[in-house]
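See below for entry.cif, which holds mmCIF, C-alpha atoms.
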```cif
data_work
loop_
_atom_site.label_atom_id
_atom_site.label_comp_id
_atom_site.auth_asym_id
_atom_site.auth_seq_id
_atom_site.Cartn_x
_atom_site.Cartn_y
_atom_site.Cartn_z
CA MET A 813 60.38 114.88 106.03
CA ALA A 814 63.75 113.16 105.74
CA PRO A 815 63.74 109.56 107.00
CA THR A 816 65.39 108.89 110.36
CA TRP A 817 67.49 105.87 111.20
CA SER A 818 64.51 104.17 112.81
CA THR A 819 62.02 104.83 109.98
CA THR A 820 63.98 103.71 106.93
CA ALA A 821 62.35 100.92 104.95
CA HIS A 822 65.28 98.52 105.20
CA ALA A 823 67.33 97.58 108.21
CA LEU A 824 70.63 99.47 108.13
CA ILE A 825 72.56 97.17 110.45
CA ALA A 826 73.06 93.42 110.42
CA VAL A 827 74.21 91.57 113.52
CA ALA A 828 75.87 88.19 113.09
CA MET A 829 75.70 86.12 116.25
CA VAL A 830 77.97 83.16 115.59
CA GLY A 831 79.22 80.41 117.89
CA ALA A 832 78.28 77.84 120.51
CA ALA A 833 74.99 78.70 122.21
CA ARG A 834 76.49 78.22 125.67
CA THR A 835 75.25 80.92 128.07
CA LEU A 836 72.82 82.49 125.62
CA VAL A 837 70.30 80.36 127.52
CA GLU A 838 70.94 82.55 130.60
CA PRO A 839 68.15 85.20 130.72
CA ARG A 840 70.60 87.95 131.68
CA VAL A 841 72.75 87.30 128.63
CA ALA A 842 69.96 87.24 126.06
CA ALA A 843 68.21 90.24 127.62
CA SER A 844 71.43 92.26 127.64
CA VAL A 845 71.88 91.57 123.93
CA ARG A 846 68.32 92.73 123.28
CA MET A 847 68.56 95.91 125.36
CA ASN A 848 72.20 96.92 125.10
CA LEU A 849 73.19 95.80 121.61
CA LEU A 850 70.18 95.50 119.31
CA ASP A 851 67.98 98.24 120.78
CA ALA A 852 70.98 100.48 121.46
CA GLN A 853 71.61 100.83 117.72
CA ARG A 854 68.58 103.16 117.44
CA ALA A 855 68.04 101.85 113.94
CA LYS A 856 66.44 98.83 112.34
CA VAL A 857 68.59 95.75 112.90
CA ASP A 858 68.48 92.35 111.23
CA LEU A 859 69.84 89.61 113.48
CA PHE A 860 71.37 86.50 111.91
CA MET A 861 71.98 83.69 114.39
CA HIS A 862 74.24 80.74 113.60
CA LEU A 863 74.31 78.70 116.80
CA HIS A 864 76.11 75.46 117.65
CA LEU A 865 74.37 73.14 120.07
CA SER A 866 77.22 70.85 121.10
CA GLN A 867 80.08 71.36 123.49
CA ASP A 868 83.14 72.48 121.63
CA LEU A 869 86.81 71.97 122.10
CA SER A 870 88.12 75.45 122.59
CA SER A 871 91.04 77.43 123.90
CA ASP A 872 92.02 75.41 126.96
CA ARG A 873 94.86 73.25 125.67
CA ASN A 874 95.03 71.25 128.89
CA SER A 875 91.57 69.78 128.91
CA ILE A 876 89.09 68.29 126.48
CA THR A 877 86.25 70.59 127.45
CA HIS A 878 86.88 74.30 127.69
CA MET A 879 85.46 75.93 130.79
CA ALA A 880 83.31 78.14 128.54
CA ALA A 881 81.74 75.24 126.70
CA GLY A 882 78.73 74.79 128.96
CA SER A 883 76.72 71.71 128.13
CA ASP A 884 75.16 70.18 125.06
CA LEU A 885 71.82 71.66 124.09
CA THR A 886 69.00 70.42 121.91
CA ALA A 887 67.01 72.35 119.34
CA THR A 888 63.94 71.96 121.57
CA ASP A 889 65.56 73.34 124.73
CA SER A 890 62.98 75.69 126.25
CA ARG A 891 65.63 78.11 127.55
CA LEU A 892 67.16 78.44 124.12
CA ALA A 893 63.73 78.89 122.56
CA ALA A 894 62.99 81.70 125.03
CA SER A 895 66.23 83.49 124.19
CA ILE A 896 65.63 83.21 120.46
CA TYR A 897 62.07 84.49 120.89
CA LEU A 898 63.34 87.48 122.85
CA LEU A 899 65.96 88.37 120.23
CA LYS A 900 63.61 87.89 117.24
CA PRO A 901 66.21 87.06 114.59
CA LEU A 902 65.55 87.47 110.90
CA ASN A 903 67.30 84.14 110.42
CA CYS A 904 68.29 81.47 112.97
CA THR A 905 70.22 78.36 112.04
CA LEU A 906 71.03 75.66 114.60
CA HIS A 907 73.98 73.36 113.96
CA SER A 908 74.44 70.14 115.90
CA ARG A 909 78.24 70.41 115.71
CA SER A 910 80.82 73.02 114.78
CA ASP A 911 83.89 70.87 114.14
CA CYS A 912 85.01 69.05 111.00
CA SER A 913 82.39 66.35 111.55
CA SER A 914 79.69 68.89 110.66
CA MET A 915 78.21 68.60 107.20
CA GLU A 916 78.82 72.29 106.54
CA LEU A 917 82.58 72.16 107.15
CA SER A 918 83.52 68.61 106.19
CA SER A 919 84.79 69.78 102.78
CA HIS A 920 86.65 72.80 104.15
CA PRO A 921 90.36 72.76 103.14
CA VAL A 922 91.48 72.68 106.77
CA CYS A 923 89.15 69.77 107.53
CA ARG A 924 90.40 67.86 104.49
CA ARG A 925 93.93 68.40 105.75
CA LEU A 926 92.97 67.20 109.21
CA LYS A 927 91.44 64.06 107.74
CA ALA A 928 94.65 63.37 105.82
CA ALA A 929 96.70 63.88 108.98
CA ARG A 930 94.55 61.44 110.92
CA GLU A 931 95.03 58.81 108.25
CA ASN A 932 98.80 59.10 108.59
CA VAL A 933 99.15 59.10 112.37
CA SER A 934 97.70 56.90 115.09
CA ARG A 935 95.94 59.81 116.70
CA VAL A 936 95.81 63.58 116.79
CA SER A 937 96.76 65.15 120.10
CA ILE A 938 94.12 66.93 122.12
CA SER A 939 96.11 70.18 121.97
CA ASP A 940 95.92 70.02 118.17
CA GLU A 941 92.17 69.43 118.28
CA VAL A 942 91.74 72.36 120.66
CA THR A 943 93.79 74.65 118.44
CA LEU A 944 91.75 73.59 115.42
CA ALA A 945 88.46 74.35 117.17
CA SER A 946 89.54 77.92 117.92
CA PHE A 947 90.79 78.32 114.37
CA MET A 948 87.67 76.94 112.70
CA GLN A 949 85.40 79.53 114.30
CA TYR A 950 86.60 81.85 111.53
CA ALA A 951 85.07 79.56 108.93
CA TRP A 952 81.70 79.88 110.67
CA VAL A 953 81.97 83.65 110.90
CA ALA A 954 82.80 83.78 107.19
CA ARG A 955 79.76 81.62 106.40
CA SER A 956 77.53 83.96 108.40
CA LEU A 957 78.88 87.06 106.66
CA ASP A 958 78.44 85.35 103.28
CA ALA A 959 74.81 84.67 104.22
CA ILE A 960 74.29 88.32 105.15
CA MET A 961 75.67 89.49 101.80
CA ALA A 962 73.45 86.94 100.00
CA HIS A 963 70.45 88.41 101.83
CA GLU A 964 71.51 91.88 100.71
CA ARG A 965 71.46 90.76 97.10
CA ALA A 966 68.06 89.14 97.54
CA ARG A 967 66.48 92.25 99.08
CA GLY A 968 68.24 94.68 96.75
CA ALA A 969 69.70 96.87 99.49
CA ARG A 970 72.96 96.87 101.40
CA TYR A 971 73.50 97.33 105.11
CA LYS A 972 75.57 100.21 106.43
CA TRP A 973 77.32 98.16 109.11
CA VAL A 974 77.68 94.53 110.16
CA ILE A 975 78.34 93.67 113.81
CA ARG A 976 79.71 90.32 114.90
CA THR A 977 79.04 89.00 118.41
CA ARG A 978 79.03 85.65 120.17
CA PRO A 979 76.10 83.93 121.92
CA ASP A 980 77.98 83.86 125.25
CA ILE A 981 78.72 87.59 125.39
CA ALA A 982 76.64 89.91 127.58
CA PHE A 983 76.50 93.68 127.15
CA PHE A 984 76.55 95.41 130.52
CA ASP A 985 75.84 98.87 129.12
CA ALA A 986 74.66 100.33 125.83
CA ALA A 987 76.93 99.34 122.96
CA PRO A 988 78.07 102.11 120.61
CA ALA A 989 75.62 102.92 117.82
CA ALA A 990 77.25 101.70 114.61
CA LEU A 991 75.79 104.48 112.47
CA ALA A 992 77.56 107.06 114.62
CA GLN A 993 81.00 105.49 114.03
CA PRO A 994 83.59 106.47 111.39
CA PRO A 995 83.05 104.17 108.37
CA GLN A 996 86.64 104.05 107.18
CA ARG A 997 87.89 101.33 109.53
CA LEU A 998 87.01 98.10 111.28
CA LEU A 999 86.30 98.58 115.00
CA LEU A 1000 87.40 96.00 117.57
CA MET A 1001 86.48 95.44 121.17
CA MET A 1002 89.55 95.43 123.37
CA LYS A 1003 90.20 92.54 125.72
CA GLU A 1004 92.94 92.29 128.33
CA PRO A 1005 95.90 94.40 127.25
CA ILE A 1006 99.14 93.39 125.50
CA PRO A 1007 98.03 92.07 123.09
CA SER A 1008 94.38 93.03 123.08
CA TYR A 1009 92.94 91.53 119.90
CA PHE A 1010 89.49 90.07 120.49
CA ASP A 1011 87.41 88.44 117.78
CA GLY A 1012 84.25 88.13 119.90
CA VAL A 1013 82.83 91.57 119.05
CA PHE A 1014 83.71 93.75 116.09
CA TYR A 1015 81.96 96.27 113.85
CA VAL A 1016 82.58 96.15 110.08
CA PRO A 1017 81.55 99.11 107.89
CA ARG A 1018 79.89 97.88 104.70
CA GLY A 1019 82.60 99.37 102.51
CA LEU A 1020 85.12 96.96 104.07
CA LEU A 1021 82.87 93.92 104.46
CA ASP A 1022 83.74 92.17 101.18
CA ASP A 1023 87.48 92.48 101.79
CA PHE A 1024 87.14 91.48 105.43
CA THR A 1025 85.10 88.37 104.60
CA GLN A 1026 87.56 87.39 101.87
CA GLY A 1027 90.29 87.87 104.45
CA LEU A 1028 88.63 85.30 106.70
CA HIS A 1029 88.69 82.82 103.83
CA ASP A 1030 92.23 83.69 102.77
CA PHE A 1031 93.60 83.41 106.30
CA TYR A 1032 93.55 79.63 105.89
CA ALA A 1033 95.64 79.63 102.71
CA PRO A 1034 99.10 79.39 104.35
CA PHE A 1035 98.04 76.32 106.33
CA GLY A 1036 98.26 73.78 103.58
CA ILE A 1037 98.34 70.01 103.60
CA ASP A 1038 102.08 69.95 104.35
CA ARG A 1039 101.77 71.87 107.62
CA LYS A 1040 101.63 70.17 111.00
CA LEU A 1041 98.52 70.57 113.08
CA ASN A 1042 100.42 72.25 115.90
CA GLU A 1043 101.47 75.01 113.51
CA PHE A 1044 98.02 76.59 113.52
CA PRO A 1045 98.30 80.04 115.10
CA TRP A 1046 96.82 80.04 118.57
CA PRO A 1047 94.92 81.95 119.71
CA PRO A 1048 94.00 82.73 116.11
CA GLU A 1049 93.13 86.39 116.67
CA PHE A 1050 96.73 87.10 117.71
CA ALA A 1051 97.76 86.18 114.17
CA PHE A 1052 94.66 87.20 112.23
CA PHE A 1053 94.33 90.91 112.97
CA PRO A 1054 98.03 91.78 112.40
CA TRP A 1055 97.88 89.68 109.21
CA LEU A 1056 94.70 91.44 108.12
CA ARG A 1057 96.38 94.83 108.47
CA SER A 1058 99.68 93.91 106.82
CA GLU A 1059 98.46 91.59 104.05
CA LYS A 1060 95.03 93.03 103.25
CA GLY A 1061 95.58 96.68 104.13
CA MET A 1062 92.60 96.54 106.49
CA PRO A 1063 92.47 99.57 108.81
CA TRP A 1064 91.18 98.87 112.30
CA SER A 1065 91.21 100.41 115.73
CA TYR A 1066 89.92 99.67 119.21
CA PHE A 1067 86.86 101.31 120.73
CA PRO A 1068 85.13 100.79 124.10
CA VAL A 1069 82.44 98.12 123.92
CA PRO A 1070 80.80 97.34 127.29
CA ALA A 1071 80.68 93.58 126.79
CA VAL A 1072 81.95 90.54 128.63
CA LEU A 1073 82.28 86.82 127.99
CA VAL A 1074 79.96 84.87 130.32
CA ARG A 1075 81.45 81.44 130.77
CA LYS A 1076 78.78 79.88 132.93
CA ALA A 1077 75.94 81.01 135.18
CA GLY A 1078 77.25 83.83 137.36
CA ARG A 1079 80.77 83.68 135.97
CA ALA A 1080 81.98 86.42 133.63
CA ASP A 1081 85.44 87.46 132.46
CA CYS A 1082 85.25 90.97 133.95
CA TRP A 1083 88.92 90.66 134.86
CA ARG A 1084 89.78 90.90 131.16
CA LEU A 1085 88.63 94.52 131.20
CA ARG A 1086 91.07 95.77 133.81
CA ALA A 1087 94.08 97.98 133.26
CA ALA A 1088 97.42 96.27 132.79
CA PRO A 1089 99.20 95.89 136.14
CA GLY A 1090 102.45 97.65 136.80
CA LEU A 1091 102.25 100.14 133.94
CA GLY A 1092 101.29 103.11 136.06
CA ARG A 1093 97.88 104.67 135.48
CA MET A 1094 99.19 108.17 136.22
CA SER A 1095 101.63 107.86 133.33
CA GLY A 1096 98.78 107.25 130.92
CA ASN A 1097 100.41 104.05 129.69
CA THR A 1098 98.08 101.41 131.04
CA GLY A 1099 97.89 99.47 127.80
CA ASN A 1100 94.09 99.55 128.01
CA ILE A 1101 91.76 102.18 126.55
CA TYR A 1102 89.28 101.73 129.38
CA ASP A 1103 91.43 103.11 132.20
CA THR A 1104 93.87 105.50 130.54
CA GLN A 1105 95.05 108.38 132.73
CA LEU A 1106 92.53 107.68 135.49
CA THR A 1107 89.48 107.70 133.23
CA VAL A 1108 86.49 105.81 134.63
CA TRP A 1109 83.34 104.31 133.18
CA GLY A 1110 80.78 105.97 135.42
CA ARG A 1111 79.40 106.48 138.91
CA ASP A 1112 78.52 103.71 141.29
CA PRO A 1113 74.68 103.50 141.22
CA LYS A 1114 74.69 102.79 144.96
CA ASP A 1115 77.02 105.62 145.94
CA ALA A 1116 77.29 108.81 143.85
CA HIS A 1117 80.58 109.64 145.56
CA LYS A 1118 82.23 106.55 144.10
CA VAL A 1119 83.20 105.87 140.53
CA LEU A 1120 83.41 102.60 138.63
CA SER A 1121 86.26 101.39 136.53
CA PHE A 1122 85.33 99.49 133.38
CA GLU A 1123 86.05 96.20 135.15
CA ASN A 1124 83.94 97.12 138.18
CA ALA A 1125 81.09 98.31 135.97
CA CYS A 1126 81.09 94.81 134.53
CA ARG A 1127 81.12 93.26 138.00
CA HIS A 1128 78.28 95.52 139.12
CA PHE A 1129 76.20 94.32 136.16
CA MET A 1130 76.81 90.68 137.05
CA CYS A 1131 75.75 91.29 140.66
CA ALA A 1132 72.78 93.52 139.82
CA CYS A 1133 71.16 91.02 137.49
CA GLN A 1134 71.37 88.06 139.88
CA GLY A 1135 68.16 88.76 141.75
CA PRO A 1136 64.55 88.14 140.66
CA GLU A 1137 63.84 91.87 140.53
CA SER A 1138 66.47 92.51 137.90
CA ALA A 1139 65.29 94.46 134.87
CA PHE A 1140 67.15 91.99 132.71
CA ALA A 1141 65.09 89.12 134.06
CA HIS A 1142 61.88 90.81 132.91
CA ALA A 1143 62.92 92.23 129.54
CA ASN A 1144 60.52 91.56 126.71
#
```

Could you rewrite the structure in this file as structure tokens?
Amino acid sequence: MAPTWSTTAHALIAVAMVGAARTLVEPRVAASVRMNLLDAQRAKVDLFMHLHLSQDLSSDRNSITHMAAGSDLTATDSRLAASIYLLKPLNCTLHSRSDCSSMELSSHPVCRRLKAARENVSRVSISDEVTLASFMQYAWVARSLDAIMAHERARGARYKWVIRTRPDIAFFDAAPAALAQPPQRLLLMMKEPIPSYFDGVFYVPRGLLDDFTQGLHDFYAPFGIDRKLNEFPWPPEFAFFPWLRSEKGMPWSYFPVPAVLVRKAGRADCWRLRAAPGLGRMSGNTGNIYDTQLTVWGRDPKDAHKVLSFENACRHFMCACQGPESAFAHAN
């Protein structure tokens, strides 16, 4: 009998969870990843976790701590241990810091340039530090993808797809099965429209993985020692994905991924999944694939006569998993 996706000897999909641990310690977030991302693939999945324990400077240029940063964690945090146990990663690496003070990135070209800049000025502005933190996440993603390819070489078999996600992203419905997707292009989750690039969740077919990973490394090349810190592109995904297409010939498209960034307990960015205002849904030009020409995500579980937009499906998930009887609270 021909092997099925679930009975092949080697895992066919690798998932790279990379970033600050943040709300991964929330049971609803970890359980949604287990049920709606890993299990939804209907194939063997190897999870690689590269988690940062400290608060990070991130995309809020007006404050030192981004509202998504959460709080510092320790490697012995019982909530984090419970989430890791639930997800059962093949590999889990905890990093105390994710900035240029980390041992792993201290020799990175961008960090060397930052050090040189600090030696020549009295201080580096907080907006520059924030921009750098967003930018440097790409170095961590590249390291994770390099580790996945090293594991492939060690086991003597390649994955079919690699999925990148973040620890603070919850999946409020079943994510698309990677093996059912067209393998000729990178697939991106769409965020709020115009522009919609989002680097939090993407699927990379194995045939494009080497070029994509090299692209992450090469993206830093134009930002040499002679560039000012405030010339880093921000947010980086607005520059990276157009650059990837034009400079690397990387084909990519959007596809609907039912996922949301959970910034803190009970607070999710469902609003990012709404149709663009003022573009006219009847015209079919909403700027968002989730609500084009009056399409909807599904029915309201509480009222079969009502339908849910993508945004409201997200909000329903956040409300439904608040109580102690939530299925997400008891996933195992």

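Proximity of A:Leu1106, A:Leu1021, A:Cys1131, A:Ala832 to Ile960 in chain A, computed with only C-alpha atoms, is greatest for A:Leu1021.
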
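CA of Ser1058 in chain A is positioned 26.8 Å from CA of Leu1085 in chain A.
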
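Distances to Ala842 in chain A were evaluated for A:Ser919, A:Lys856, A:Arg965, A:Val1074 using all atoms listed in the file, and the minimum falls at A:Val1074.
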
Expressed in Å to a single decimal, how great is the separation between CA of Trp1064 in chain A and CA of Arg978 in chain A?
19.6 Å

Could you tell me which residues the PyMOL selection byres ((chain A and resi 1081) around 12) returns for this structure, as a list in words?
Met879, Ala880, Asp980, Ile981, Ala982, Lys1003, Glu1004, Ala1071, Val1072, Leu1073, Val1074, Arg1075, Lys1076, Ala1077, Gly1078, Arg1079, Ala1080, Cys1082, Trp1083, Arg1084, Leu1085, Arg1086, Glu1123, Asn1124, Cys1126, Arg1127 and Met1130 of chain A

Could you tell me which residues the PyMOL selection byres ((chain A and resi 1012) around 8) grabs in this file, written as a JSON list (two decimals) with C-alpha atoms, in the coordinates of the input?
```json
[["chain", "number", "residue", "atom", "x", "y", "z"],
["A", 976, "ARG", "CA", 79.71, 90.32, 114.90],
["A", 977, "THR", "CA", 79.04, 89.00, 118.41],
["A", 978, "ARG", "CA", 79.03, 85.65, 120.17],
["A", 981, "ILE", "CA", 78.72, 87.59, 125.39],
["A", 1001, "MET", "CA", 86.48, 95.44, 121.17],
["A", 1010, "PHE", "CA", 89.49, 90.07, 120.49],
["A", 1011, "ASP", "CA", 87.41, 88.44, 117.78],
["A", 1013, "VAL", "CA", 82.83, 91.57, 119.05],
["A", 1014, "PHE", "CA", 83.71, 93.75, 116.09]]
```

Applied to the shown file, which residues does the PyMOL selection byres ((chain A and resi 983-995) around 7) return, written as number ranges by chain?
A: 844-845, 848-849, 852-853, 973, 981-982, 996-997, 1017, 1069-1072, 1126, 1129

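With distances taken over all atoms listed in the file, A:Arg955 is the one residue among A:Lys972, A:Arg955, A:His907, A:Lys1118 lying closest to Gln1026 in chain A.
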
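CA of Gln949 in chain A to CA of Gly968 in chain A spans 28.8 Å [interatomic distance, one decimal].
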
Could you check the closest approach to Phe1122 in chain A for each of A:Met829, A:Leu836, A:Met1002, A:Leu1056 and tell me which residue wins, using only C-alpha atoms?
A:Met1002

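Of the residues under consideration (A:Ser908, A:Ala951, A:Pro979, A:Leu850), A:Pro979 shows the shortest atom-to-atom contact distance to Ala833 in chain A when counting only C-alpha atoms.
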
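Minimum atom-to-atom distance to Glu916 in chain A, evaluated using all atoms listed in the file, belongs to A:His862 out of A:Trp1046, A:Leu899, A:His862, A:Asp884.
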
Selection: 12 Å around Ser914 in chain A, all atoms listed in the file, excl. self and same-chain fewer than 2 positions, as a ChimeraX atom specification
/A:864-866,906-912,916-920,923,948,952

Hey, what's within 12 Å of Leu1028 in chain A if we count all atoms listed in the file and toss same-chain stuff fewer than 2 positions away? As number ranges by chain, please?
A: 947-958, 1011, 1021-1026, 1030-1033, 1048-1049, 1051-1053, 1055-1056, 1059-1060, 1062

Preceding selection exported with C-alpha atoms as a JSON list (two decimals), in the coordinates of the input:
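Just written: out-v2.json:
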```
[["chain", "number", "residue", "atom", "x", "y", "z"],
["A", 947, "PHE", "CA", 90.79, 78.32, 114.37],
["A", 948, "MET", "CA", 87.67, 76.94, 112.70],
["A", 949, "GLN", "CA", 85.40, 79.53, 114.30],
["A", 950, "TYR", "CA", 86.60, 81.85, 111.53],
["A", 951, "ALA", "CA", 85.07, 79.56, 108.93],
["A", 952, "TRP", "CA", 81.70, 79.88, 110.67],
["A", 953, "VAL", "CA", 81.97, 83.65, 110.90],
["A", 954, "ALA", "CA", 82.80, 83.78, 107.19],
["A", 955, "ARG", "CA", 79.76, 81.62, 106.40],
["A", 956, "SER", "CA", 77.53, 83.96, 108.40],
["A", 957, "LEU", "CA", 78.88, 87.06, 106.66],
["A", 958, "ASP", "CA", 78.44, 85.35, 103.28],
["A", 1011, "ASP", "CA", 87.41, 88.44, 117.78],
["A", 1021, "LEU", "CA", 82.87, 93.92, 104.46],
["A", 1022, "ASP", "CA", 83.74, 92.17, 101.18],
["A", 1023, "ASP", "CA", 87.48, 92.48, 101.79],
["A", 1024, "PHE", "CA", 87.14, 91.48, 105.43],
["A", 1025, "THR", "CA", 85.10, 88.37, 104.60],
["A", 1026, "GLN", "CA", 87.56, 87.39, 101.87],
["A", 1030, "ASP", "CA", 92.23, 83.69, 102.77],
["A", 1031, "PHE", "CA", 93.60, 83.41, 106.30],
["A", 1032, "TYR", "CA", 93.55, 79.63, 105.89],
["A", 1033, "ALA", "CA", 95.64, 79.63, 102.71],
["A", 1048, "PRO", "CA", 94.00, 82.73, 116.11],
["A", 1049, "GLU", "CA", 93.13, 86.39, 116.67],
["A", 1051, "ALA", "CA", 97.76, 86.18, 114.17],
["A", 1052, "PHE", "CA", 94.66, 87.20, 112.23],
["A", 1053, "PHE", "CA", 94.33, 90.91, 112.97],
["A", 1055, "TRP", "CA", 97.88, 89.68, 109.21],
["A", 1056, "LEU", "CA", 94.70, 91.44, 108.12],
["A", 1059, "GLU", "CA", 98.46, 91.59, 104.05],
["A", 1060, "LYS", "CA", 95.03, 93.03, 103.25],
["A", 1062, "MET", "CA", 92.60, 96.54, 106.49]]
```

Repair of range 912-920 of chain A at the level of all heavy atoms, as an mmCIF file, in the frame of the given file:
```
data_model
loop_
_atom_site.group_PDB
_atom_site.id
_atom_site.type_symbol
_atom_site.label_atom_id
_atom_site.label_comp_id
_atom_site.auth_asym_id
_atom_site.auth_seq_id
_atom_site.Cartn_x
_atom_site.Cartn_y
_atom_site.Cartn_z
ATOM 1 N N CYS A 912 84.911 69.584 112.364
ATOM 2 C CA CYS A 912 85.010 69.050 111.000
ATOM 3 C C CYS A 912 84.045 67.895 110.744
ATOM 4 O O CYS A 912 83.897 67.462 109.591
ATOM 5 C CB CYS A 912 86.440 68.605 110.721
ATOM 6 S SG CYS A 912 87.584 69.994 110.484
ATOM 7 N N SER A 913 83.388 67.391 111.775
ATOM 8 C CA SER A 913 82.390 66.350 111.550
ATOM 9 C C SER A 913 81.058 66.934 111.072
ATOM 10 O O SER A 913 80.169 66.195 110.660
ATOM 11 C CB SER A 913 82.151 65.555 112.849
ATOM 12 O OG SER A 913 81.545 66.372 113.835
ATOM 13 N N SER A 914 80.929 68.259 111.128
ATOM 14 C CA SER A 914 79.690 68.890 110.660
ATOM 15 C C SER A 914 79.617 68.835 109.146
ATOM 16 O O SER A 914 80.629 68.929 108.449
ATOM 17 C CB SER A 914 79.626 70.342 111.132
ATOM 18 O OG SER A 914 80.622 71.116 110.505
ATOM 19 N N MET A 915 78.410 68.689 108.638
ATOM 20 C CA MET A 915 78.210 68.600 107.200
ATOM 21 C C MET A 915 78.694 69.866 106.505
ATOM 22 O O MET A 915 79.253 69.823 105.409
ATOM 23 C CB MET A 915 76.732 68.347 106.900
ATOM 24 C CG MET A 915 76.389 68.260 105.421
ATOM 25 S SD MET A 915 74.629 67.953 105.161
ATOM 26 C CE MET A 915 73.924 69.467 105.835
ATOM 27 N N GLU A 916 78.501 71.005 107.169
ATOM 28 C CA GLU A 916 78.820 72.290 106.540
ATOM 29 C C GLU A 916 80.315 72.482 106.336
ATOM 30 O O GLU A 916 80.746 73.147 105.391
ATOM 31 C CB GLU A 916 78.269 73.438 107.394
ATOM 32 C CG GLU A 916 76.756 73.472 107.488
ATOM 33 C CD GLU A 916 76.219 72.583 108.592
ATOM 34 O OE1 GLU A 916 77.022 71.859 109.240
ATOM 35 O OE2 GLU A 916 75.000 72.595 108.817
ATOM 36 N N LEU A 917 81.140 71.911 107.223
ATOM 37 C CA LEU A 917 82.580 72.160 107.150
ATOM 38 C C LEU A 917 83.406 70.956 106.727
ATOM 39 O O LEU A 917 84.622 71.054 106.610
ATOM 40 C CB LEU A 917 83.099 72.658 108.510
ATOM 41 C CG LEU A 917 82.635 74.032 108.984
ATOM 42 C CD1 LEU A 917 83.422 74.447 110.217
ATOM 43 C CD2 LEU A 917 82.779 75.078 107.897
ATOM 44 N N SER A 918 82.766 69.829 106.495
ATOM 45 C CA SER A 918 83.520 68.610 106.190
ATOM 46 C C SER A 918 84.406 68.757 104.956
ATOM 47 O O SER A 918 85.458 68.114 104.849
ATOM 48 C CB SER A 918 82.571 67.429 106.019
ATOM 49 O OG SER A 918 81.662 67.684 104.952
ATOM 50 N N SER A 919 84.003 69.606 104.004
ATOM 51 C CA SER A 919 84.790 69.780 102.780
ATOM 52 C C SER A 919 85.724 70.978 102.849
ATOM 53 O O SER A 919 86.398 71.298 101.867
ATOM 54 C CB SER A 919 83.853 69.953 101.577
ATOM 55 O OG SER A 919 83.035 71.105 101.733
ATOM 56 N N HIS A 920 85.770 71.645 104.002
ATOM 57 C CA HIS A 920 86.650 72.800 104.150
ATOM 58 C C HIS A 920 88.110 72.360 103.993
ATOM 59 O O HIS A 920 88.485 71.267 104.428
ATOM 60 C CB HIS A 920 86.443 73.443 105.523
ATOM 61 C CG HIS A 920 87.087 74.785 105.659
ATOM 62 N ND1 HIS A 920 88.436 74.944 105.872
ATOM 63 C CD2 HIS A 920 86.570 76.034 105.615
ATOM 64 C CE1 HIS A 920 88.722 76.227 105.960
ATOM 65 N NE2 HIS A 920 87.600 76.913 105.801
#
```
